[in-house]
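A.B. asks: The structure file protein.csv (CSV, C-alpha atoms) is provided below.
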chain,number,residue,atom,x,y,z
X,1,MET,CA,130.6,144.0,89.0
X,2,ILE,CA,127.3,145.8,89.3
X,3,ILE,CA,125.3,145.4,92.4
X,4,ILE,CA,121.7,146.5,92.8
X,5,GLY,CA,119.7,146.8,96.0
X,6,VAL,CA,116.0,146.4,95.3
X,7,ASP,CA,113.0,147.3,97.5
X,8,PHE,CA,110.2,145.4,95.6
X,9,HIS,CA,106.5,146.2,95.5
X,10,PRO,CA,103.8,144.7,93.3
X,11,SER,CA,103.4,147.8,91.1
X,12,MET,CA,107.0,149.3,91.3
X,13,GLN,CA,110.4,148.9,92.8
X,14,GLU,CA,113.0,151.3,94.2
X,15,ILE,CA,116.6,150.5,93.3
X,16,ALA,CA,120.0,151.6,94.4
X,17,PHE,CA,122.5,150.8,91.7
X,18,LEU,CA,126.3,150.8,91.9
X,19,ASP,CA,129.0,149.9,89.3
X,20,GLN,CA,132.0,149.0,91.4
X,21,GLU,CA,134.4,149.5,88.5
X,22,THR,CA,133.4,152.9,87.3
X,23,GLY,CA,131.9,154.2,90.6
X,24,GLU,CA,128.6,155.0,88.9
X,25,TYR,CA,125.8,155.3,91.5
X,26,VAL,CA,122.1,155.7,90.6
X,27,GLU,CA,118.9,155.7,92.7
X,28,ARG,CA,115.6,155.5,90.7
X,29,GLN,CA,112.1,154.1,90.7
X,30,LEU,CA,111.1,151.5,88.2
X,31,ASN,CA,107.4,150.9,87.2
X,32,HIS,CA,106.2,147.4,86.3
X,33,SER,CA,103.1,148.1,84.3
X,34,ASP,CA,104.8,150.1,81.5
X,35,GLY,CA,107.8,147.6,81.2
X,36,GLU,CA,110.3,150.1,82.6
X,37,ALA,CA,111.7,147.5,85.0
X,38,GLU,CA,112.2,144.9,82.3
X,39,LYS,CA,113.9,147.3,80.0
X,40,PHE,CA,116.3,148.4,82.8
X,41,TYR,CA,117.4,144.9,83.6
X,42,ARG,CA,117.8,144.0,79.9
X,43,GLU,CA,120.1,147.0,79.5
X,44,MET,CA,122.1,145.8,82.6
X,45,ALA,CA,122.5,142.3,81.1
X,46,ALA,CA,123.6,143.8,77.8
X,47,ARG,CA,126.6,145.5,79.4
X,48,GLY,CA,128.4,142.2,79.5
X,49,VAL,CA,129.5,142.4,83.2
X,50,ARG,CA,128.5,140.5,86.2
X,51,VAL,CA,125.3,141.8,87.9
X,52,ARG,CA,124.0,140.9,91.3
X,53,VAL,CA,120.6,141.8,92.6
X,54,GLY,CA,119.6,141.7,96.3
X,55,MET,CA,116.0,141.9,97.6
X,56,GLU,CA,113.9,140.8,100.5
X,57,ALA,CA,111.9,137.6,100.5
X,58,THR,CA,108.4,138.8,99.4
X,59,GLY,CA,105.4,137.8,97.5
X,60,TYR,CA,104.4,138.5,93.8
X,61,SER,CA,108.1,138.7,92.7
X,62,ARG,CA,108.4,135.4,90.8
X,63,TRP,CA,108.0,137.0,87.4
X,64,LEU,CA,111.0,139.2,88.3
X,65,GLU,CA,113.1,136.2,89.5
X,66,ARG,CA,112.3,134.4,86.2
X,67,LEU,CA,113.3,137.4,84.2
X,68,LEU,CA,116.6,137.9,86.0
X,69,ALA,CA,117.4,134.1,85.6
X,70,GLU,CA,116.6,134.3,81.9
X,71,LEU,CA,119.0,137.3,81.6
X,72,GLY,CA,121.8,135.6,83.5
X,73,ILE,CA,121.6,138.1,86.4
X,74,GLU,CA,122.4,136.7,89.9
X,75,VAL,CA,119.6,137.1,92.4
X,76,TRP,CA,120.0,137.0,96.1
X,77,ILE,CA,116.9,136.7,98.3
X,78,GLY,CA,117.3,137.9,101.9
X,79,ASP,CA,115.7,137.0,105.2
X,80,ALA,CA,113.3,139.9,105.8
X,81,ALA,CA,113.5,139.6,109.6
X,82,LYS,CA,117.3,139.7,109.6
X,83,ILE,CA,117.4,142.6,107.2
X,84,LYS,CA,115.0,144.5,109.4
X,85,ALA,CA,117.2,143.9,112.4
X,86,LYS,CA,120.2,145.4,110.5
X,87,ARG,CA,118.3,148.7,110.0
X,88,VAL,CA,119.8,151.3,112.4
X,89,ARG,CA,117.9,154.4,111.5
X,90,LYS,CA,114.3,154.8,112.4
X,91,GLN,CA,113.5,156.6,109.2
X,92,LYS,CA,112.1,153.9,106.9
X,93,ASN,CA,111.0,154.5,103.3
X,94,ASP,CA,111.5,152.8,99.9
X,95,ARG,CA,114.7,154.7,99.1
X,96,GLU,CA,116.2,153.9,102.5
X,97,ASP,CA,115.3,150.2,102.1
X,98,ALA,CA,117.0,150.0,98.7
X,99,ARG,CA,120.1,151.7,100.1
X,100,LEU,CA,120.1,149.2,102.9
X,101,MET,CA,120.0,146.3,100.5
X,102,LEU,CA,122.9,147.8,98.6
X,103,ARG,CA,125.0,148.4,101.7
X,104,LEU,CA,124.5,144.8,102.9
X,105,LEU,CA,125.6,143.5,99.5
X,106,ARG,CA,128.7,145.8,99.4
X,107,GLU,CA,129.7,144.7,103.0
X,108,ASP,CA,129.1,141.0,102.2
X,109,ASN,CA,126.7,140.9,105.0
X,110,PHE,CA,123.5,140.1,103.1
X,111,PRO,CA,121.4,137.4,104.9
X,112,ARG,CA,120.8,135.2,101.9
X,113,ILE,CA,118.3,132.4,102.2
X,114,TRP,CA,117.7,129.1,100.4
X,115,VAL,CA,115.3,129.5,97.5
X,116,PRO,CA,113.3,126.5,96.1
X,117,THR,CA,113.6,125.6,92.4
X,118,PRO,CA,110.8,126.5,89.9
X,119,GLU,CA,109.8,122.8,89.8
X,120,ASN,CA,109.6,122.7,93.6
X,121,ARG,CA,107.4,125.9,93.6
X,122,ASP,CA,105.1,124.5,90.9
X,123,LEU,CA,104.6,121.2,92.9
X,124,ARG,CA,103.8,123.3,96.0
X,125,GLN,CA,101.0,124.8,93.9
X,126,LEU,CA,99.5,121.3,93.5
X,127,LEU,CA,99.5,120.8,97.3
X,128,TRP,CA,98.1,124.2,98.0
X,129,HIS,CA,95.4,123.9,95.4
X,130,ARG,CA,94.3,120.6,96.8
X,131,HIS,CA,94.4,121.9,100.3
X,132,ARG,CA,92.2,125.0,99.5
X,133,LEU,CA,89.7,122.8,97.7
X,134,VAL,CA,89.5,120.5,100.7
X,135,GLN,CA,88.8,123.5,102.9
X,136,MET,CA,86.1,124.7,100.6
X,137,ARG,CA,84.5,121.2,100.6
X,138,THR,CA,84.6,121.1,104.4
X,139,ARG,CA,82.8,124.5,104.6
X,140,ILE,CA,80.1,123.2,102.2
X,141,MET,CA,79.7,120.0,104.2
X,142,ASN,CA,79.3,122.0,107.4
X,143,GLN,CA,76.6,124.1,105.8
X,144,LEU,CA,74.7,121.1,104.7
X,145,GLN,CA,75.0,119.7,108.3
X,146,ALA,CA,73.5,123.0,109.5
X,147,VAL,CA,70.6,122.7,107.1
X,148,ALA,CA,69.9,119.1,108.3
X,149,MET,CA,70.2,120.1,112.0
X,150,ASN,CA,67.9,123.0,111.6
X,151,GLU,CA,65.3,120.5,110.5
X,152,GLY,CA,65.9,118.3,113.6
X,153,TYR,CA,68.2,115.7,112.0
X,154,ARG,CA,71.7,115.1,113.4
X,155,TRP,CA,73.2,112.4,111.1
X,156,LYS,CA,76.9,113.5,111.3
X,157,LYS,CA,79.0,111.5,108.8
X,158,LYS,CA,75.9,109.5,107.7
X,159,LEU,CA,74.6,112.6,106.0
X,160,PHE,CA,77.1,112.2,103.2
X,161,SER,CA,76.4,108.5,102.6
X,162,GLN,CA,74.1,107.5,99.7
X,163,GLN,CA,71.2,107.0,102.0
X,164,GLY,CA,71.9,110.2,104.0
X,165,ARG,CA,72.0,112.3,100.9
X,166,ALA,CA,68.7,110.9,99.7
X,167,LEU,CA,67.1,111.8,103.0
X,168,LEU,CA,68.6,115.3,102.9
X,169,GLU,CA,67.2,115.9,99.4
X,170,LYS,CA,63.7,114.8,100.5
X,171,LEU,CA,63.5,117.3,103.4
X,172,SER,CA,60.7,119.8,103.0
X,173,LEU,CA,62.3,123.2,103.1
X,174,ALA,CA,61.3,126.8,102.5
X,175,PRO,CA,62.1,128.2,99.0
X,176,TRP,CA,65.4,129.9,99.7
X,177,ALA,CA,66.6,127.1,102.1
X,178,SER,CA,65.7,124.6,99.3
X,179,ARG,CA,67.8,126.6,96.8
X,180,ARG,CA,70.7,126.8,99.2
X,181,ARG,CA,70.6,123.0,99.7
X,182,LYS,CA,70.4,122.4,96.0
X,183,GLU,CA,73.4,124.7,95.1
X,184,LEU,CA,75.5,123.4,98.0
X,185,LEU,CA,75.0,119.9,96.8
X,186,GLU,CA,76.0,120.9,93.2
X,187,LEU,CA,79.2,122.5,94.5
X,188,LEU,CA,80.0,119.4,96.5
X,189,ASP,CA,79.5,117.3,93.4
X,190,GLN,CA,81.9,119.6,91.5
X,191,LEU,CA,84.6,119.6,94.1
X,192,ASP,CA,84.8,115.8,94.8
X,193,PRO,CA,86.2,114.8,91.4
X,194,LYS,CA,88.6,117.7,91.4
X,195,ILE,CA,90.0,116.8,94.8
X,196,THR,CA,90.2,113.1,93.8
X,197,GLU,CA,92.2,114.0,90.7
X,198,LEU,CA,94.6,116.3,92.6
X,199,THR,CA,95.0,113.6,95.3
X,200,ALA,CA,95.9,111.0,92.6
X,201,ALA,CA,98.4,113.5,91.0
X,202,ALA,CA,100.1,114.1,94.4
X,203,GLN,CA,100.2,110.3,95.1
X,204,GLN,CA,101.9,109.8,91.7
X,205,GLU,CA,104.5,112.5,92.5
X,206,ALA,CA,105.1,110.8,95.8
X,207,GLN,CA,105.7,107.4,94.3
X,208,GLN,CA,108.4,108.9,92.1
X,209,ARG,CA,110.5,110.1,95.0
X,210,PRO,CA,112.3,107.5,97.2
X,211,GLU,CA,112.7,109.9,100.1
X,212,VAL,CA,108.9,110.4,100.3
X,213,LEU,CA,108.3,106.7,100.2
X,214,ARG,CA,110.7,106.3,103.1
X,215,LEU,CA,108.9,108.9,105.1
X,216,MET,CA,105.6,107.3,104.4
X,217,THR,CA,106.7,104.2,106.4
X,218,HIS,CA,106.2,106.3,109.6
X,219,PRO,CA,102.7,105.8,111.1
X,220,GLY,CA,100.3,108.5,110.2
X,221,VAL,CA,102.3,109.9,107.3
X,222,GLY,CA,100.7,109.6,103.9
X,223,PRO,CA,101.7,110.8,100.4
X,224,ILE,CA,100.4,114.3,100.9
X,225,THR,CA,102.3,114.9,104.2
X,226,GLY,CA,105.4,113.2,102.9
X,227,LEU,CA,105.5,115.1,99.7
X,228,ALA,CA,104.8,118.4,101.4
X,229,TYR,CA,107.6,117.8,103.9
X,230,VAL,CA,110.2,117.1,101.2
X,231,GLN,CA,109.1,120.1,99.1
X,232,VAL,CA,109.2,122.6,102.0
X,233,ILE,CA,112.4,121.3,103.7
X,234,GLY,CA,114.1,121.0,100.3
X,235,THR,CA,117.1,119.1,101.6
X,236,PRO,CA,118.0,117.9,105.1
X,237,ASP,CA,121.6,119.3,104.6
X,238,ARG,CA,120.1,122.7,105.3
X,239,PHE,CA,119.8,121.9,109.0
X,240,SER,CA,122.4,120.6,111.4
X,241,CYS,CA,120.0,119.2,114.1
X,242,GLY,CA,116.4,118.5,114.8
X,243,LYS,CA,116.0,121.6,116.9
X,244,GLN,CA,116.4,123.8,113.8
X,245,ILE,CA,113.6,121.8,112.1
X,246,GLY,CA,111.2,122.7,115.0
X,247,SER,CA,112.1,126.3,114.8
X,248,TYR,CA,111.9,126.4,111.0
X,249,LEU,CA,108.3,125.0,111.1
X,250,GLY,CA,107.2,127.4,113.8
X,251,LEU,CA,106.5,124.6,116.3
X,252,ILE,CA,108.6,126.0,119.1
X,253,PRO,CA,107.1,128.3,121.8
X,254,CYS,CA,107.7,132.1,121.8
X,255,GLU,CA,110.0,133.0,124.6
X,256,ALA,CA,110.5,136.2,126.6
X,257,SER,CA,112.9,135.1,129.3
X,258,SER,CA,115.1,137.4,131.4
X,259,ALA,CA,117.0,137.4,134.7
X,260,GLY,CA,116.8,133.7,135.1
X,261,LYS,CA,113.0,133.5,134.7
X,262,GLN,CA,111.7,131.6,131.8
X,263,ARG,CA,108.5,132.8,130.1
X,264,LEU,CA,107.1,130.7,127.3
X,265,GLY,CA,104.1,131.5,125.2
X,266,HIS,CA,102.3,130.0,122.2
X,267,ILE,CA,104.1,128.4,119.3
X,268,SER,CA,105.7,130.9,117.1
X,269,LYS,CA,104.0,129.8,113.8
X,270,GLN,CA,107.0,131.3,111.9
X,271,GLY,CA,107.0,128.7,109.2
X,272,ASN,CA,105.1,127.1,106.4
X,273,ILE,CA,101.4,127.0,107.5
X,274,LEU,CA,100.5,124.1,105.2
X,275,LEU,CA,103.2,121.8,106.4
X,276,ARG,CA,102.5,122.7,110.1
X,277,TYR,CA,98.9,121.8,109.6
X,278,LEU,CA,99.7,118.5,107.8
X,279,LEU,CA,102.1,117.5,110.6
X,280,GLY,CA,99.4,118.2,113.1
X,281,GLU,CA,96.9,116.0,111.2
X,282,ALA,CA,99.5,113.3,110.7
X,283,SER,CA,100.5,113.2,114.3
X,284,GLN,CA,96.9,112.8,115.3
X,285,ALA,CA,96.5,110.0,112.8
X,286,ALA,CA,99.6,108.3,114.2
X,287,ALA,CA,98.1,108.6,117.7
X,288,ARG,CA,95.0,106.8,116.5
X,289,CYS,CA,96.7,103.9,114.8
X,290,ASN,CA,100.0,103.4,116.7
X,291,PRO,CA,99.9,102.4,120.4
X,292,ASP,CA,103.2,104.0,121.2
X,293,TRP,CA,102.2,107.4,119.8
X,294,ARG,CA,98.8,107.2,121.5
X,295,ARG,CA,100.5,106.6,124.9
X,296,ARG,CA,102.8,109.6,124.4
X,297,TYR,CA,99.9,111.8,123.3
X,298,MET,CA,97.7,110.8,126.2
X,299,HIS,CA,100.5,111.3,128.7
X,300,LEU,CA,101.0,114.9,127.5
X,301,ALA,CA,97.3,115.6,127.2
X,302,ILE,CA,96.7,114.5,130.8
X,303,ARG,CA,99.8,116.2,132.2
X,304,ARG,CA,99.4,119.5,130.4
X,305,HIS,CA,96.6,120.1,127.8
X,306,LYS,CA,95.5,118.4,124.6
X,307,ASN,CA,96.4,121.5,122.5
X,308,ILE,CA,99.9,121.4,123.9
X,309,ALA,CA,100.1,117.7,123.3
X,310,LYS,CA,99.0,118.1,119.7
X,311,ALA,CA,101.7,120.8,119.1
X,312,ALA,CA,104.3,118.7,120.8
X,313,MET,CA,103.5,115.6,118.8
X,314,ALA,CA,103.5,117.5,115.6
X,315,ARG,CA,107.0,118.9,116.4
X,316,LYS,CA,108.2,115.4,117.4
X,317,LEU,CA,106.9,114.0,114.1
X,318,GLY,CA,108.7,116.8,112.1
X,319,VAL,CA,112.0,116.0,113.8
X,320,ARG,CA,111.6,112.3,113.4
X,321,LEU,CA,111.0,112.7,109.6
X,322,TYR,CA,114.1,114.8,109.4
X,323,TRP,CA,116.3,112.1,110.9
X,324,MET,CA,114.7,109.4,108.7
X,325,TRP,CA,115.4,111.5,105.6
X,326,ARG,CA,118.9,112.6,106.6
X,327,ASN,CA,120.1,109.1,107.6
X,328,GLY,CA,118.2,107.2,104.9
X,329,TRP,CA,116.2,105.2,107.4
X,330,ASP,CA,112.7,103.8,107.3
X,331,TYR,CA,110.5,103.7,110.4
X,332,SER,CA,111.7,100.3,111.6
X,333,GLN,CA,115.3,101.5,111.5
X,334,LEU,CA,114.4,104.6,113.4
X,335,VAL,CA,112.7,102.6,116.1
X,336,SER,CA,115.7,100.3,116.3
X,337,PHE,CA,118.1,103.1,117.0
X,338,GLY,CA,115.6,105.0,119.2
X,339,SER,CA,116.8,108.0,121.1
X,340,HIS,CA,120.4,107.3,120.0
X,341,ALA,CA,119.7,108.1,116.4
X,342,GLY,CA,121.4,111.5,116.5
X,343,LYS,CA,124.5,110.1,118.3
X,344,LEU,CA,125.0,107.5,115.6
X,345,ALA,CA,124.4,109.9,112.8
X,346,THR,CA,126.4,113.0,113.9
X,347,GLY,CA,128.4,112.0,116.9
X,348,HIS,CA,126.4,114.1,119.3
X,349,GLY,CA,123.1,113.6,121.1
X,350,VAL,CA,119.8,114.9,119.8
X,351,LYS,CA,117.4,116.0,122.5
X,352,SER,CA,113.8,115.1,122.4
X,353,SER,CA,111.5,116.9,120.0
X,354,VAL,CA,109.2,118.0,122.8
X,355,VAL,CA,111.8,119.4,125.3
X,356,HIS,CA,110.6,123.0,124.7
X,357,MET,CA,107.0,122.0,124.7
X,358,ILE,CA,106.7,119.9,127.9
X,359,GLY,CA,109.9,120.6,129.8
X,360,HIS,CA,111.4,117.1,129.9
X,361,PRO,CA,112.9,114.7,127.3
X,362,ALA,CA,110.8,111.9,125.9
X,363,PRO,CA,112.0,108.3,126.0
Written as structure tokens, that's how I'd like the structure from this file.

C.D. replies:
Amino acid sequence: MIIIGVDFHPSMQEIAFLDQETGEYVERQLNHSDGEAEKFYREMAARGVRVRVGMEATGYSRWLERLLAELGIEVWIGDAAKIKAKRVRKQKNDREDARLMLRLLREDNFPRIWVPTPENRDLRQLLWHRHRLVQMRTRIMNQLQAVAMNEGYRWKKKLFSQQGRALLEKLSLAPWASRRRKELLELLDQLDPKITELTAAAQQEAQQRPEVLRLMTHPGVGPITGLAYVQVIGTPDRFSCGKQIGSYLGLIPCEASSAGKQRLGHISKQGNILLRYLLGEASQAAARCNPDWRRRYMHLAIRRHKNIAKAAMARKLGVRLYWMWRNGWDYSQLVSFGSHAGKLATGHGVKSSVVHMIGHPAP
């Protein structure tokens, strides 16, 4: 078998190549722009032996992953943080990184991670594209609010009603302010139908997935949040308990405890930023429409702080959705089993989703 350690960069890659049968060992740099990298991997595939490539999880490498999959070359993607922890020497360069990848592959110590399918990645692009357009629309609406407030009008949401827009267009403004208002309104008119179209596409995708429909029975969870949760988590079998979900989403606090003294900081944010944002929004929506969630949120907000309460409720929602998906339950079944859900599902208890956030289990 041929094993190749790759230190990938957008313009080039450094490789350490070993043929375990012949003992051939090569270190070289492959450029991407002139097709040198593609030519090298096609030559490897033409040898007719098993080839395994190991590289860190990084951006801008999907073209390489597609090429290797097309050639029948096995690709292992590694956890960048764990690979960094295995580096002993303080000398770090591209060649040393490639050698490290090769060594971990040879020792069968490569920290391989789960990789989403091409279909999964493409559907994530739909969610990200919609999210970015919504952010752009929000910025435009905030600028229009500023234009109105500078003229002494504070209409809030009414500004974007039919009557409010008509009043905004009638305001007497200076030439450049008038042009700004005109072009912002044009951009807003362009974004609204695009966002509506993307939202409808996401809803259609959600309707085709039973697991998403099941998650949508939870208060505050709509098709966007449910679809994003399923696409990011991939499969509930990846995790053995709800604690791992909170850690994976970056909703647990940073910790620097020692000598029996516990020191907790802000949430780690070591996870998918889009899903973490959506869970925060969904938990707030649940607190508005569900009395039980509102009671829990207000209790935490009064006892600690509203920011801590928001993070804790987002984490709680992420863990609840995990158990619903893993056990095939809808929201009514989850409420029926209550805090004993984990015991019934796995034979051992599941602690509250806010233990690390507030210091005591929730009912």

A.B. asks: Nearest residue to Leu227 (chain X) out of X:Phe40, X:Ile308, X:Ile252, X:Leu126, using all atoms listed in the file?

C.D. replies: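 Among X:Phe40, X:Ile308, X:Ile252, X:Leu126, it is X:Leu126 that comes nearest to Leu227 (chain X).
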
A.B. asks: Give me, as a list in words, all polymer residues having an atom no more than 9 Å from Leu68 (chain X), counting only C-alpha atoms and skipping those fewer than 3 positions away in the same chain.

C.D. replies: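 Using only C-alpha atoms, the neighbours found are Tyr41, Arg42, Ala45, Val53, Trp63, Leu64, Glu65, Leu71, Gly72, Ile73, Glu74 and Val75 of chain X.
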
A.B. asks: Could you write out that same residue set with C-alpha atoms as a PDB file, in the frame of the given file?

C.D. replies:
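Okay, this is what ended up in out_37.pdb:
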ATOM      1  CA  TYR X  41     117.400 144.900  83.600  1.00  0.00           C
ATOM      2  CA  ARG X  42     117.800 144.000  79.900  1.00  0.00           C
ATOM      3  CA  ALA X  45     122.500 142.300  81.100  1.00  0.00           C
ATOM      4  CA  VAL X  53     120.600 141.800  92.600  1.00  0.00           C
ATOM      5  CA  TRP X  63     108.000 137.000  87.400  1.00  0.00           C
ATOM      6  CA  LEU X  64     111.000 139.200  88.300  1.00  0.00           C
ATOM      7  CA  GLU X  65     113.100 136.200  89.500  1.00  0.00           C
ATOM      8  CA  LEU X  71     119.000 137.300  81.600  1.00  0.00           C
ATOM      9  CA  GLY X  72     121.800 135.600  83.500  1.00  0.00           C
ATOM     10  CA  ILE X  73     121.600 138.100  86.400  1.00  0.00           C
ATOM     11  CA  GLU X  74     122.400 136.700  89.900  1.00  0.00           C
ATOM     12  CA  VAL X  75     119.600 137.100  92.400  1.00  0.00           C
TER      13      VAL X  75
END

A.B. asks: Near Glu119 (chain X), counting all atoms listed in the file, which residues have an atom at most 12 Å away, once you skip same-chain residues fewer than 6 positions from it, shown as a VMD selection string?

C.D. replies: chain X and resid 125 to 126 205 231 234

A.B. asks: Using all atoms listed in the file, which of the listed residues (X:Pro219, X:Pro253, X:Gly260, X:Pro175) sits closest to Val335 (chain X)?

C.D. replies: X:Pro219

A.B. asks: Taking only C-alpha atoms into account, which of X:Arg295, X:Arg214, X:Arg180, X:Arg62 comes nearest Thr117 (chain X)?

C.D. replies: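 Once distances to Thr117 (chain X) are computed over only C-alpha atoms, the minimum belongs to X:Arg62.
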
A.B. asks: Tell me which protein, DNA and RNA residues are within 7 Å of region 137-153 of chain X, counting all atoms listed in the file, leaving out same-chain ones fewer than 2 positions away, and put them as an NGL selection string.

C.D. replies: :X and (133-135 or 155 or 168 or 181 or 184 or 188 or 191)

A.B. asks: Rank nothing, just name the residue among X:Val51, X:Leu67, X:Glu211, X:Val6 nearest to Asp330 (chain X), using all atoms listed in the file.

C.D. replies: X:Glu211

A.B. asks: Please compute the CA of Ile77 (chain X)-CA of Gly226 (chain X) distance, one decimal, in Å.

C.D. replies: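 Taking CA of Ile77 (chain X) and CA of Gly226 (chain X), their separation equals 26.6 Å.
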
A.B. asks: Using all atoms listed in the file, which residues sit within 10 Å of Asn93 (chain X) once same-chain residues fewer than 4 positions away are excluded, as a VMD selection string?

C.D. replies: chain X and resid 7 14 97 to 98

A.B. asks: (103.6, 111.5, 102.2) in this file's frame - what residues fall within 12 Å of it? Use all atoms listed in the file and give the answer as a PyMOL selection string.

C.D. replies: chain X and resi 127+199+202-231+275+278-279+282+321

A.B. asks: Could I get the residues of region 226-257 of chain X with an atom no further than 9 Å from an atom of region 324-328 of chain X, each paired with its nearest atom pair and that distance in Å to one decimal, using only C-alpha atoms, sorted by chain and residue number, as a Markdown table?

C.D. replies:
| residue | atom | partner | partner_atom | distance |
| --- | --- | --- | --- | --- |
| X:Val230 | CA | X:Trp325 | CA | 8.8 |
| X:Thr235 | CA | X:Arg326 | CA | 8.4 |
| X:Pro236 | CA | X:Arg326 | CA | 5.6 |
| X:Asp237 | CA | X:Arg326 | CA | 7.5 |

A.B. asks: For a test of reading the model, state the distance in Å between CA of Arg124 (chain X) and CA of Leu274 (chain X), rounded to one decimal.

C.D. replies: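 Distance reported for this atom pair: 9.8 Å.
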